[in-house]
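Chemist: mmCIF, C-alpha atoms, file run.cif:
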data_work
loop_
_atom_site.label_atom_id
_atom_site.label_comp_id
_atom_site.auth_asym_id
_atom_site.auth_seq_id
_atom_site.Cartn_x
_atom_site.Cartn_y
_atom_site.Cartn_z
CA MET A 1 10.85 75.93 -92.58
CA VAL A 2 8.28 73.20 -93.31
CA PRO A 3 9.90 69.71 -93.64
CA THR A 4 9.35 67.89 -96.96
CA MET A 5 8.04 64.35 -97.24
CA ALA A 6 10.34 61.52 -98.29
CA PRO A 7 9.62 59.95 -101.67
CA ASN A 8 8.60 56.63 -100.04
CA ASP A 9 5.05 57.84 -99.27
CA GLY A 10 5.88 58.87 -95.72
CA ILE A 11 7.49 55.56 -94.70
CA THR A 12 10.79 56.21 -92.93
CA SER A 13 13.82 54.07 -93.26
CA PRO A 14 15.16 51.97 -90.36
CA LYS A 15 17.98 54.48 -89.92
CA ASP A 16 15.61 57.41 -89.76
CA GLU A 17 13.33 55.41 -87.52
CA SER A 18 16.15 54.80 -85.06
CA LYS A 19 16.94 58.53 -85.08
CA LEU A 20 13.33 59.33 -84.33
CA LEU A 21 13.29 56.73 -81.57
CA MET A 22 16.43 58.20 -80.03
CA HIS A 23 14.96 61.68 -80.28
CA SER A 24 11.73 60.59 -78.61
CA CYS A 25 13.70 58.93 -75.80
CA VAL A 26 15.66 62.10 -75.22
CA ASP A 27 12.40 64.05 -75.22
CA ASP A 28 10.89 61.63 -72.73
CA LYS A 29 13.91 61.98 -70.47
CA SER A 30 13.80 65.75 -70.72
CA VAL A 31 10.09 65.75 -69.92
CA THR A 32 10.63 63.38 -67.01
CA THR A 33 13.47 65.41 -65.55
CA THR A 34 11.50 68.62 -65.87
CA THR A 35 8.27 67.23 -64.36
CA ILE A 36 9.92 65.83 -61.22
CA PRO A 37 10.79 69.27 -59.77
CA ILE A 38 7.34 70.53 -60.69
CA MET A 39 5.69 67.67 -58.81
CA GLU A 40 8.06 68.18 -55.90
CA ASP A 41 7.15 71.88 -55.82
CA HIS A 42 3.47 70.94 -55.93
CA HIS A 43 3.82 68.55 -52.97
CA HIS A 44 5.91 71.12 -51.12
CA SER A 45 3.28 73.84 -51.65
CA THR A 46 0.52 71.44 -50.58
CA ARG A 47 2.35 70.56 -47.38
CA ARG A 48 3.03 74.23 -46.78
CA HIS A 49 -0.69 75.02 -47.23
CA TYR A 50 -1.65 72.36 -44.67
CA TRP A 51 0.88 73.77 -42.20
CA VAL A 52 -0.48 77.28 -42.69
CA VAL A 53 -4.08 76.11 -42.15
CA ALA A 54 -3.09 74.14 -39.04
CA SER A 55 -1.14 77.11 -37.65
CA VAL A 56 -4.01 79.55 -38.23
CA VAL A 57 -6.58 77.22 -36.64
CA LEU A 58 -4.30 76.56 -33.66
CA MET A 59 -3.70 80.29 -33.26
CA TYR A 60 -7.44 80.99 -33.32
CA TRP A 61 -8.13 78.30 -30.72
CA SER A 62 -5.32 79.54 -28.46
CA ILE A 63 -6.39 83.20 -28.60
CA SER A 64 -10.11 82.52 -28.17
CA ILE A 65 -9.73 80.05 -25.30
CA SER A 66 -7.14 82.24 -23.56
CA MET A 67 -9.50 85.21 -23.81
CA VAL A 68 -12.31 83.34 -22.03
CA PHE A 69 -10.09 81.99 -19.25
CA LEU A 70 -8.38 85.35 -18.63
CA ASN A 71 -11.69 87.22 -18.55
CA LYS A 72 -12.98 84.68 -16.03
CA PHE A 73 -9.82 85.25 -13.98
CA ILE A 74 -10.38 89.03 -14.00
CA LEU A 75 -14.08 88.86 -13.18
CA SER A 76 -13.98 86.10 -10.54
CA GLY A 77 -12.61 88.31 -7.75
CA SER A 78 -8.90 87.79 -8.36
CA PHE A 79 -8.37 91.54 -7.95
CA GLY A 80 -10.74 92.15 -5.07
CA GLU A 81 -14.49 92.31 -4.76
CA GLU A 82 -14.90 95.27 -7.14
CA ASP A 83 -17.28 94.81 -10.06
CA LEU A 84 -15.15 95.02 -13.23
CA THR A 85 -17.63 93.78 -15.84
CA ILE A 86 -17.99 97.11 -17.68
CA PHE A 87 -14.63 98.65 -16.77
CA ALA A 88 -12.73 95.62 -18.11
CA ALA A 89 -14.56 95.71 -21.46
CA TRP A 90 -14.05 99.48 -21.75
CA PHE A 91 -10.32 99.34 -20.97
CA GLN A 92 -9.83 96.41 -23.34
CA SER A 93 -11.24 98.56 -26.17
CA ILE A 94 -8.81 101.32 -25.20
CA ALA A 95 -5.94 98.80 -25.20
CA ALA A 96 -6.95 97.56 -28.66
CA VAL A 97 -6.94 101.08 -30.13
CA GLY A 98 -3.65 101.87 -28.36
CA PHE A 99 -2.07 98.71 -29.72
CA ILE A 100 -2.98 99.71 -33.29
CA TRP A 101 -1.44 103.15 -32.73
CA GLY A 102 1.69 101.61 -31.17
CA VAL A 103 2.19 99.15 -34.02
CA SER A 104 1.73 101.96 -36.51
CA LEU A 105 4.30 104.21 -34.81
CA GLY A 106 6.79 101.39 -34.36
CA GLY A 107 6.25 99.97 -37.82
CA ARG A 108 6.85 103.03 -39.97
CA LYS A 109 9.89 101.37 -41.50
CA CYS A 110 7.67 98.41 -42.40
CA LYS A 111 5.12 100.82 -43.90
CA ILE A 112 2.41 99.84 -41.40
CA LYS A 113 -0.16 102.62 -41.24
CA ILE A 114 -3.20 103.31 -39.11
CA PRO A 115 -6.38 103.02 -41.19
CA LYS A 116 -7.46 106.46 -42.28
CA ILE A 117 -10.40 107.82 -40.28
CA GLU A 118 -13.30 108.67 -42.54
CA PRO A 119 -16.11 110.23 -40.46
CA ASN A 120 -18.81 109.24 -42.94
CA GLN A 121 -17.85 105.59 -42.36
CA LEU A 122 -16.82 105.78 -38.69
CA TYR A 123 -20.08 107.43 -37.64
CA SER A 124 -22.32 105.77 -40.20
CA GLN A 125 -25.54 104.19 -39.03
CA THR A 126 -24.23 100.69 -39.71
CA MET A 127 -21.01 101.20 -37.70
CA ILE A 128 -22.82 102.86 -34.78
CA MET A 129 -25.38 100.04 -34.63
CA LEU A 130 -22.59 97.44 -34.81
CA SER A 131 -20.66 99.15 -32.01
CA MET A 132 -23.80 99.40 -29.85
CA ALA A 133 -24.46 95.69 -30.37
CA SER A 134 -20.79 94.96 -29.53
CA VAL A 135 -21.04 96.98 -26.31
CA CYS A 136 -24.14 95.03 -25.29
CA CYS A 137 -22.53 91.71 -26.23
CA LEU A 138 -19.30 92.40 -24.30
CA THR A 139 -21.16 93.70 -21.25
CA PHE A 140 -23.58 90.78 -21.02
CA ASN A 141 -20.79 88.33 -21.82
CA ASN A 142 -18.72 89.62 -18.88
CA LEU A 143 -21.75 89.60 -16.59
CA MET A 144 -22.42 86.01 -17.63
CA LEU A 145 -18.80 84.95 -17.00
CA LYS A 146 -18.94 86.53 -13.56
CA HIS A 147 -21.83 84.27 -12.51
CA ILE A 148 -21.12 80.99 -14.35
CA GLY A 149 -18.17 78.67 -14.84
CA VAL A 150 -16.13 78.40 -18.04
CA ALA A 151 -17.32 74.80 -18.50
CA PHE A 152 -20.94 76.01 -18.76
CA TYR A 153 -19.98 78.82 -21.18
CA GLN A 154 -20.85 76.86 -24.32
CA VAL A 155 -24.34 75.92 -23.12
CA ALA A 156 -25.05 79.41 -21.74
CA ARG A 157 -24.19 80.99 -25.11
CA SER A 158 -25.83 78.26 -27.21
CA PHE A 159 -28.89 80.36 -28.13
CA THR A 160 -26.74 82.48 -30.45
CA ILE A 161 -27.45 80.12 -33.35
CA ILE A 162 -31.21 80.15 -32.60
CA PHE A 163 -31.37 83.95 -32.58
CA THR A 164 -29.27 84.02 -35.76
CA ILE A 165 -31.69 81.68 -37.57
CA ILE A 166 -34.71 83.70 -36.36
CA PHE A 167 -33.20 87.06 -37.40
CA SER A 168 -32.15 85.65 -40.77
CA ALA A 169 -35.73 84.51 -41.38
CA VAL A 170 -37.34 87.76 -40.19
CA PHE A 171 -34.96 90.47 -41.41
CA LEU A 172 -33.03 88.79 -44.24
CA LYS A 173 -36.11 86.93 -45.55
CA LYS A 174 -34.38 83.55 -45.45
CA GLY A 175 -36.91 80.78 -45.09
CA LEU A 176 -36.81 78.32 -42.23
CA THR A 177 -35.81 74.85 -43.38
CA THR A 178 -36.59 71.58 -41.65
CA ARG A 179 -32.90 71.08 -40.92
CA ALA A 180 -32.66 74.49 -39.25
CA VAL A 181 -35.67 73.72 -37.05
CA CYS A 182 -34.15 70.35 -36.08
CA SER A 183 -30.90 72.09 -35.20
CA CYS A 184 -32.77 74.53 -32.97
CA LEU A 185 -34.60 71.70 -31.21
CA LEU A 186 -31.32 69.92 -30.46
CA VAL A 187 -29.79 73.12 -29.06
CA VAL A 188 -32.87 73.89 -26.93
CA ALA A 189 -32.89 70.34 -25.54
CA GLY A 190 -29.19 70.54 -24.68
CA PHE A 191 -29.67 74.00 -23.13
CA PHE A 192 -32.39 72.88 -20.71
CA ILE A 193 -30.64 69.61 -19.84
CA GLY A 194 -27.51 71.61 -19.06
CA ILE A 195 -29.47 74.03 -16.86
CA ASP A 196 -31.10 71.14 -15.03
CA GLN A 197 -27.75 69.49 -14.31
CA GLU A 198 -26.23 72.77 -13.14
CA ASP A 199 -29.17 73.04 -10.72
CA VAL A 200 -28.64 69.46 -9.54
CA SER A 201 -24.97 70.14 -8.84
CA GLY A 202 -25.81 73.39 -7.02
CA THR A 203 -23.86 75.64 -9.41
CA LEU A 204 -26.79 77.13 -11.33
CA SER A 205 -26.94 80.91 -11.51
CA VAL A 206 -30.23 82.29 -12.83
CA LYS A 207 -28.56 85.65 -13.43
CA GLY A 208 -25.82 83.92 -15.39
CA VAL A 209 -28.38 82.15 -17.60
CA ILE A 210 -30.29 85.40 -18.26
CA TYR A 211 -27.07 87.25 -19.07
CA GLY A 212 -26.10 84.37 -21.37
CA LEU A 213 -29.36 84.71 -23.28
CA MET A 214 -28.88 88.48 -23.60
CA SER A 215 -25.29 87.95 -24.73
CA SER A 216 -26.47 85.42 -27.34
CA LEU A 217 -29.08 87.88 -28.60
CA SER A 218 -26.48 90.66 -28.89
CA ALA A 219 -24.01 88.33 -30.61
CA ALA A 220 -26.61 87.34 -33.21
CA VAL A 221 -27.39 90.99 -33.96
CA SER A 222 -23.66 91.75 -34.14
CA GLY A 223 -23.16 88.93 -36.64
CA ILE A 224 -25.77 90.36 -39.01
CA LEU A 225 -24.49 93.94 -38.65
CA PHE A 226 -20.89 92.76 -39.04
CA LYS A 227 -21.56 91.60 -42.59
CA LYS A 228 -23.07 94.98 -43.50
CA ALA A 229 -20.19 96.88 -41.93
CA GLU A 230 -17.67 94.62 -43.66
CA SER A 231 -19.11 95.47 -47.08
CA LEU A 232 -19.21 99.16 -46.12
CA LEU A 233 -15.47 99.14 -45.33
CA GLU A 234 -14.57 97.03 -48.36
CA ARG A 235 -13.73 93.96 -46.22
CA ASP A 236 -10.84 95.70 -44.45
CA SER A 237 -10.73 93.69 -41.19
CA LEU A 238 -8.18 95.96 -39.49
CA LYS A 239 -10.18 99.07 -40.33
CA LEU A 240 -13.37 97.44 -39.09
CA ALA A 241 -11.76 96.44 -35.78
CA TYR A 242 -10.21 99.90 -35.42
CA TYR A 243 -13.48 101.73 -36.07
CA ASN A 244 -15.50 99.39 -33.87
CA ASN A 245 -13.15 99.72 -30.90
CA MET A 246 -13.00 103.50 -31.26
CA ASN A 247 -16.79 103.70 -31.13
CA CYS A 248 -16.90 101.22 -28.24
CA VAL A 249 -14.55 103.41 -26.19
CA LEU A 250 -16.99 106.31 -26.49
CA LEU A 251 -20.13 104.21 -26.01
CA PHE A 252 -18.73 102.46 -22.92
CA LEU A 253 -17.84 105.79 -21.26
CA PRO A 254 -21.32 106.70 -19.93
CA LEU A 255 -21.80 103.10 -18.76
CA VAL A 256 -18.50 102.88 -16.91
CA LEU A 257 -19.09 106.28 -15.29
CA GLY A 258 -22.79 105.74 -14.53
CA SER A 259 -22.19 102.34 -12.95
CA GLY A 260 -19.56 103.81 -10.62
CA GLN A 261 -16.97 101.24 -11.71
CA PHE A 262 -14.55 103.90 -12.96
CA VAL A 263 -14.46 105.65 -9.58
CA SER A 264 -14.35 102.42 -7.57
CA VAL A 265 -11.42 101.07 -9.59
CA PHE A 266 -9.31 104.19 -9.14
CA ARG A 267 -10.12 104.27 -5.43
CA SER A 268 -9.17 100.63 -4.91
CA GLU A 269 -5.76 99.35 -3.88
CA PHE A 270 -5.15 97.21 -6.95
CA ILE A 271 -4.81 100.32 -9.10
CA TYR A 272 -1.13 100.13 -8.14
CA GLN A 273 -0.79 96.48 -9.14
CA ILE A 274 1.08 96.20 -12.42
CA ASN A 275 -0.33 92.70 -13.04
CA PHE A 276 -3.86 94.08 -13.14
CA TRP A 277 -3.08 96.55 -15.94
CA LEU A 278 -0.90 94.08 -17.83
CA ILE A 279 -3.69 91.48 -17.94
CA LEU A 280 -6.23 94.10 -19.04
CA CYS A 281 -3.89 95.30 -21.81
CA PHE A 282 -3.09 91.76 -22.88
CA THR A 283 -6.76 90.75 -23.08
CA GLY A 284 -7.45 93.94 -25.06
CA VAL A 285 -4.84 92.92 -27.62
CA LEU A 286 -6.31 89.40 -27.69
CA SER A 287 -9.78 90.81 -28.36
CA LEU A 288 -8.33 92.67 -31.33
CA CYS A 289 -6.45 89.60 -32.56
CA ILE A 290 -9.58 87.41 -32.49
CA GLY A 291 -11.12 89.36 -35.36
CA TRP A 292 -7.88 89.28 -37.33
CA VAL A 293 -7.30 85.53 -36.80
CA SER A 294 -10.95 84.81 -37.66
CA ALA A 295 -10.45 86.62 -40.97
CA LEU A 296 -7.26 84.60 -41.57
CA GLN A 297 -9.05 81.35 -40.79
CA ILE A 298 -11.84 82.17 -43.26
CA LYS A 299 -9.24 83.22 -45.87
CA HIS A 300 -7.22 79.98 -45.67
CA THR A 301 -10.22 77.65 -45.26
CA SER A 302 -13.83 78.78 -45.80
CA PRO A 303 -16.66 80.40 -43.79
CA ILE A 304 -18.20 76.96 -43.17
CA ALA A 305 -14.87 75.54 -41.98
CA HIS A 306 -14.56 78.57 -39.70
CA HIS A 307 -17.88 77.66 -38.04
CA LEU A 308 -16.75 74.05 -37.68
CA SER A 309 -13.55 75.27 -36.06
CA ILE A 310 -15.55 77.40 -33.60
CA ASN A 311 -17.67 74.37 -32.71
CA ALA A 312 -14.63 72.15 -32.17
CA LYS A 313 -12.94 74.90 -30.15
CA SER A 314 -15.95 75.12 -27.84
CA VAL A 315 -15.73 71.39 -27.12
CA CYS A 316 -12.02 71.67 -26.37
CA GLN A 317 -12.66 74.71 -24.15
CA THR A 318 -15.30 72.82 -22.15
CA VAL A 319 -13.02 69.82 -21.58
CA LEU A 320 -10.11 72.07 -20.59
CA ALA A 321 -12.31 73.99 -18.15
CA VAL A 322 -13.49 70.79 -16.44
CA LEU A 323 -9.90 69.57 -16.12
CA PHE A 324 -8.41 72.91 -15.09
CA TYR A 325 -10.96 73.68 -12.38
CA GLN A 326 -11.11 69.97 -11.37
CA GLU A 327 -14.89 69.80 -11.70
CA THR A 328 -16.99 66.64 -11.66
CA LYS A 329 -19.85 66.49 -14.14
CA THR A 330 -22.66 63.97 -14.54
CA MET A 331 -23.42 61.96 -17.64
CA TYR A 332 -26.54 64.04 -18.28
CA TRP A 333 -24.46 67.23 -18.06
CA TRP A 334 -22.22 65.92 -20.83
CA LEU A 335 -25.35 64.87 -22.75
CA GLY A 336 -26.59 68.48 -22.67
CA ASN A 337 -23.27 69.71 -24.06
CA PHE A 338 -23.32 66.98 -26.70
CA LEU A 339 -26.82 67.98 -27.88
CA VAL A 340 -25.76 71.63 -28.16
CA VAL A 341 -22.69 70.68 -30.19
CA ALA A 342 -24.75 68.28 -32.33
CA GLY A 343 -27.31 71.00 -33.07
CA VAL A 344 -24.68 73.51 -34.16
CA LEU A 345 -22.83 70.87 -36.18
CA PHE A 346 -26.02 69.70 -37.87
CA TYR A 347 -26.88 73.27 -38.84
CA THR A 348 -23.36 73.82 -40.23
CA LEU A 349 -23.51 70.64 -42.31
CA SER A 350 -26.96 71.60 -43.62
CA ARG A 351 -25.49 74.95 -44.70
CA ILE A 352 -22.73 73.08 -46.54
CA LEU A 353 -25.30 71.02 -48.43
CA GLU A 354 -27.38 74.11 -49.27
CA ASP A 355 -24.35 76.04 -50.51
CA SER A 356 -23.12 73.15 -52.66
CA LYS A 357 -26.61 72.71 -54.17
CA ARG A 358 -26.82 76.43 -54.84
CA SER A 359 -23.41 76.45 -56.53
CA LYS A 360 -24.43 73.51 -58.74
CA ASP A 361 -27.60 75.32 -59.77
CA VAL A 362 -25.59 78.42 -60.63
CA THR A 363 -23.16 76.32 -62.70
CA ILE A 364 -25.98 74.63 -64.63
CA ASN A 365 -27.74 77.92 -65.26
CA GLY A 366 -24.49 79.49 -66.36
CA GLN A 367 -23.95 76.78 -69.00
CA LEU A 368 -27.41 77.10 -70.55
CA PRO A 369 -26.64 80.09 -72.78
CA ILE A 370 -23.55 78.32 -74.16
CA THR A 371 -25.48 75.12 -74.86
CA ASN A 372 -28.30 76.92 -76.63
CA SER A 373 -26.05 79.23 -78.65
CA LYS A 374 -26.19 79.02 -82.44
CA PRO A 375 -23.09 78.83 -84.66
CA HIS A 376 -22.36 81.94 -86.68
CA ALA A 377 -21.15 81.96 -90.27
CA ASN A 378 -17.53 82.65 -89.25
CA GLY A 379 -17.48 79.67 -86.90
CA HIS A 380 -18.00 81.59 -83.65
CA THR A 381 -21.07 81.17 -81.49
CA LYS A 382 -23.78 83.76 -81.43
CA ASP A 383 -26.22 84.22 -78.51
#
So that I can check it, write out the structure of this file as structure tokens.
Modeler:
Amino acid sequence: MVPTMAPNDGITSPKDESKLLMHSCVDDKSVTTTTIPIMEDHHHSTRRHYWVVASVVLMYWSISISMVFLNKFILSGSFGEEDLTIFAAWFQSIAAVGFIWGVSLGGRKCKIKIPKIEPNQLYSQTMIMLSMASVCCLTFNNLMLKHIGVAFYQVARSFTIIFTIIFSAVFLKKGLTTRAVCSCLLVVAGFFIGIDQEDVSGTLSVKGVIYGLMSSLSAAVSGILFKKAESLLERDSLKLAYYNNMNCVLLFLPLVLGSGQFVSVFRSEFIYQINFWLILCFTGVLSLCIGWVSALQIKHTSPIAHHLSINAKSVCQTVLAVLFYQETKTMYWWLGNFLVVAGVLFYTLSRILEDSKRSKDVTINGQLPITNSKPHANGHTKD
């Protein structure tokens, strides 16, 4: 029912005015009491979001750093003088696939299922190329870790960003910017300073440096193929890890047999050591979890923040390695590491600026049709 106007031309009496004032006060109180829980819920959800982000980042750092240190422990002769570079990577892929099967069998009540195997996707050209690049990356990475220290890991693998920029320019037709070139120069300077200081300290391994370059090259190729495979599998990270590890098990088989590592391991005495198999299984599960936690970190932050986290994790890993192995490094050695970190960080920040500029351009272009639209006779706009 529509209220009628008073005969005094809309002017209310003092009595009515006091009623309206009381009503407005009650409304204000009701609004105030209802907004307080909403604001409390907002602050609670914000704090919860920060805790989730911090937990995911910490989990990524812990898994990634633990993986490097444990692989160094396996490959540094802790289980004899046998060469385990290929065998360890092969068995870790088996452990990853077995873990997925085990979780699926034990989690039927929780409705956890193994990703369905679709041969047209599993054996597609993109997945096979990704798995081949992963096999090369894991093999060269283990060979590098066998010959260098964990503290030098960041510098030895620093050319990944350079190969990524080159491949993006050649294959993805992304132009080279001045900032990208400056980033590459910083990384190259840090790389050669680090090599020089390793030589001065007597810990330089030429084989380790070469394997590091090959591992960086393989990692850059894997990064490009990973994006294609991710779109092929509709961004299902578990399915991608499952398919990739299944292919790696098969692709590693001729390598582990041809190198003689399979036979030498099963003829050695540490085949009966339970710790050896437990560490291999544990590192296999960690290798599977790295992909999952990386996806979580990107989900709760952003791809750029993920790269920043990787950069910060590398610094933390270097410091921990120097402290754990009680190594003494020169000022120039730290300068080489600083230049590598600065180059990667500078490239990441330049990507942030480029992405924000691109998003602004898209927003402006998206508003142009609305601005130029003409009003129609019925009041609506017409393109």
Chemist: Can you list what the PyMOL selection byres ((chain A and resi 282-285) around 9) grabs from this structure, as a list of chain:residue names?
Modeler: A:Ser66, A:Met67, A:Leu70, A:Asn71, A:Ala88, A:Ala89, A:Phe91, A:Gln92, A:Ser93, A:Ile94, A:Ala95, A:Ala96, A:Val97, A:Phe99, A:Trp277, A:Leu278, A:Ile279, A:Leu280, A:Cys281, A:Leu286, A:Ser287, A:Leu288, A:Cys289, A:Ile290
Chemist: Only C-alpha atoms, please: the residues just picked out, written as a compact mmCIF listing (two decimals), in the coordinates of the input.
Modeler:
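And here's selection10.txt as it stands now:
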# COMPACT_ATOMS: atom_id res chain seq x y z
CA SER A 66 -7.14 82.24 -23.56
CA MET A 67 -9.50 85.21 -23.81
CA LEU A 70 -8.38 85.35 -18.63
CA ASN A 71 -11.69 87.22 -18.55
CA ALA A 88 -12.73 95.62 -18.11
CA ALA A 89 -14.56 95.71 -21.46
CA PHE A 91 -10.32 99.34 -20.97
CA GLN A 92 -9.83 96.41 -23.34
CA SER A 93 -11.24 98.56 -26.17
CA ILE A 94 -8.81 101.32 -25.20
CA ALA A 95 -5.94 98.80 -25.20
CA ALA A 96 -6.95 97.56 -28.66
CA VAL A 97 -6.94 101.08 -30.13
CA PHE A 99 -2.07 98.71 -29.72
CA TRP A 277 -3.08 96.55 -15.94
CA LEU A 278 -0.90 94.08 -17.83
CA ILE A 279 -3.69 91.48 -17.94
CA LEU A 280 -6.23 94.10 -19.04
CA CYS A 281 -3.89 95.30 -21.81
CA LEU A 286 -6.31 89.40 -27.69
CA SER A 287 -9.78 90.81 -28.36
CA LEU A 288 -8.33 92.67 -31.33
CA CYS A 289 -6.45 89.60 -32.56
CA ILE A 290 -9.58 87.41 -32.49
Chemist: Contacts of Phe73 (chain A) at 12 Å or less, counting all atoms listed in the file, minus same-chain residues fewer than 4 places along, as JSON, numbers by chain?
Modeler: {"A": [66, 67, 68, 69, 77, 78, 79, 80, 84, 85, 88, 142, 145, 146, 149, 150, 276, 279, 280, 283, 325]}
Chemist: For C-alpha atoms, I'd like the residues from the last selection saved as a CSV table (one decimal), in the frame of the given file.
Modeler:
chain,number,residue,atom,x,y,z
A,66,SER,CA,-7.1,82.2,-23.6
A,67,MET,CA,-9.5,85.2,-23.8
A,68,VAL,CA,-12.3,83.3,-22.0
A,69,PHE,CA,-10.1,82.0,-19.2
A,77,GLY,CA,-12.6,88.3,-7.8
A,78,SER,CA,-8.9,87.8,-8.4
A,79,PHE,CA,-8.4,91.5,-8.0
A,80,GLY,CA,-10.7,92.2,-5.1
A,84,LEU,CA,-15.2,95.0,-13.2
A,85,THR,CA,-17.6,93.8,-15.8
A,88,ALA,CA,-12.7,95.6,-18.1
A,142,ASN,CA,-18.7,89.6,-18.9
A,145,LEU,CA,-18.8,85.0,-17.0
A,146,LYS,CA,-18.9,86.5,-13.6
A,149,GLY,CA,-18.2,78.7,-14.8
A,150,VAL,CA,-16.1,78.4,-18.0
A,276,PHE,CA,-3.9,94.1,-13.1
A,279,ILE,CA,-3.7,91.5,-17.9
A,280,LEU,CA,-6.2,94.1,-19.0
A,283,THR,CA,-6.8,90.8,-23.1
A,325,TYR,CA,-11.0,73.7,-12.4
Chemist: For Phe226 (chain A), which of A:Ala305, A:Met214, A:Ala241, A:Val103 is the closest residue, counting only C-alpha atoms?
Modeler: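 Comparing A:Ala305, A:Met214, A:Ala241, A:Val103 against Phe226 (chain A), the winner is A:Ala241.
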Chemist: Do you know which residues the PyMOL selection byres ((chain A and resi 245-248) around 9) returns on this file, as a PDB file with C-alpha atoms, in the coordinates of the input?
Modeler:
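part-v8.pdb, written as the output of this step:
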ATOM      1  CA  TRP A  90     -14.050  99.480 -21.750  1.00  0.00           C
ATOM      2  CA  GLN A  92      -9.830  96.410 -23.340  1.00  0.00           C
ATOM      3  CA  SER A  93     -11.240  98.560 -26.170  1.00  0.00           C
ATOM      4  CA  ILE A  94      -8.810 101.320 -25.200  1.00  0.00           C
ATOM      5  CA  ALA A  96      -6.950  97.560 -28.660  1.00  0.00           C
ATOM      6  CA  VAL A  97      -6.940 101.080 -30.130  1.00  0.00           C
ATOM      7  CA  LEU A 122     -16.820 105.780 -38.690  1.00  0.00           C
ATOM      8  CA  TYR A 123     -20.080 107.430 -37.640  1.00  0.00           C
ATOM      9  CA  MET A 127     -21.010 101.200 -37.700  1.00  0.00           C
ATOM     10  CA  ILE A 128     -22.820 102.860 -34.780  1.00  0.00           C
ATOM     11  CA  SER A 131     -20.660  99.150 -32.010  1.00  0.00           C
ATOM     12  CA  MET A 132     -23.800  99.400 -29.850  1.00  0.00           C
ATOM     13  CA  SER A 134     -20.790  94.960 -29.530  1.00  0.00           C
ATOM     14  CA  VAL A 135     -21.040  96.980 -26.310  1.00  0.00           C
ATOM     15  CA  LEU A 240     -13.370  97.440 -39.090  1.00  0.00           C
ATOM     16  CA  ALA A 241     -11.760  96.440 -35.780  1.00  0.00           C
ATOM     17  CA  TYR A 242     -10.210  99.900 -35.420  1.00  0.00           C
ATOM     18  CA  TYR A 243     -13.480 101.730 -36.070  1.00  0.00           C
ATOM     19  CA  ASN A 244     -15.500  99.390 -33.870  1.00  0.00           C
ATOM     20  CA  VAL A 249     -14.550 103.410 -26.190  1.00  0.00           C
ATOM     21  CA  LEU A 250     -16.990 106.310 -26.490  1.00  0.00           C
ATOM     22  CA  LEU A 251     -20.130 104.210 -26.010  1.00  0.00           C
ATOM     23  CA  PHE A 252     -18.730 102.460 -22.920  1.00  0.00           C
ATOM     24  CA  LEU A 253     -17.840 105.790 -21.260  1.00  0.00           C
ATOM     25  CA  LEU A 288      -8.330  92.670 -31.330  1.00  0.00           C
TER      26      LEU A 288
END
Chemist: So what do you get for CA of Val188 (chain A) versus CA of Met331 (chain A), distance-wise?
Modeler: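 Separating CA of Val188 (chain A) from CA of Met331 (chain A) is a distance of 17.8 Å.
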Chemist: Could you tell me which residues the PyMOL selection byres ((chain A and resi 154-159) around 9) returns for this structure, as a ChimeraX atom specification?
Modeler: /A:141,144,148,150-153,160-164,184,187-188,190-192,194-195,208-217,220,314-315,317-318,336-337,340-341,344
Chemist: Figure out the distance between CA of Tyr60 (chain A) and CA of Leu345 (chain A), please, to one decimal in Å.
Modeler: 18.6 Å
Chemist: Of the residues A:Ile65, A:Leu130, A:Ile165, A:Val57, which is the one nearest to Cys182 (chain A), using all atoms listed in the file?
Modeler: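 Ranked by minimum distance to Cys182 (chain A), first place goes to A:Ile165.
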Chemist: Taking into account all atoms listed in the file, which residue in the set A:Ile117, A:Arg351, A:Ser237, A:Ser231 is nearest to Leu296 (chain A)?
Modeler: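 Of all the options, A:Ser237 lies closest to Leu296 (chain A).
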Chemist: Would you work out the distance separating CA of Lys116 (chain A) from CA of Lys239 (chain A), expressed in Å to one decimal?
Modeler: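 Distance between the two atoms: 8.1 Å.
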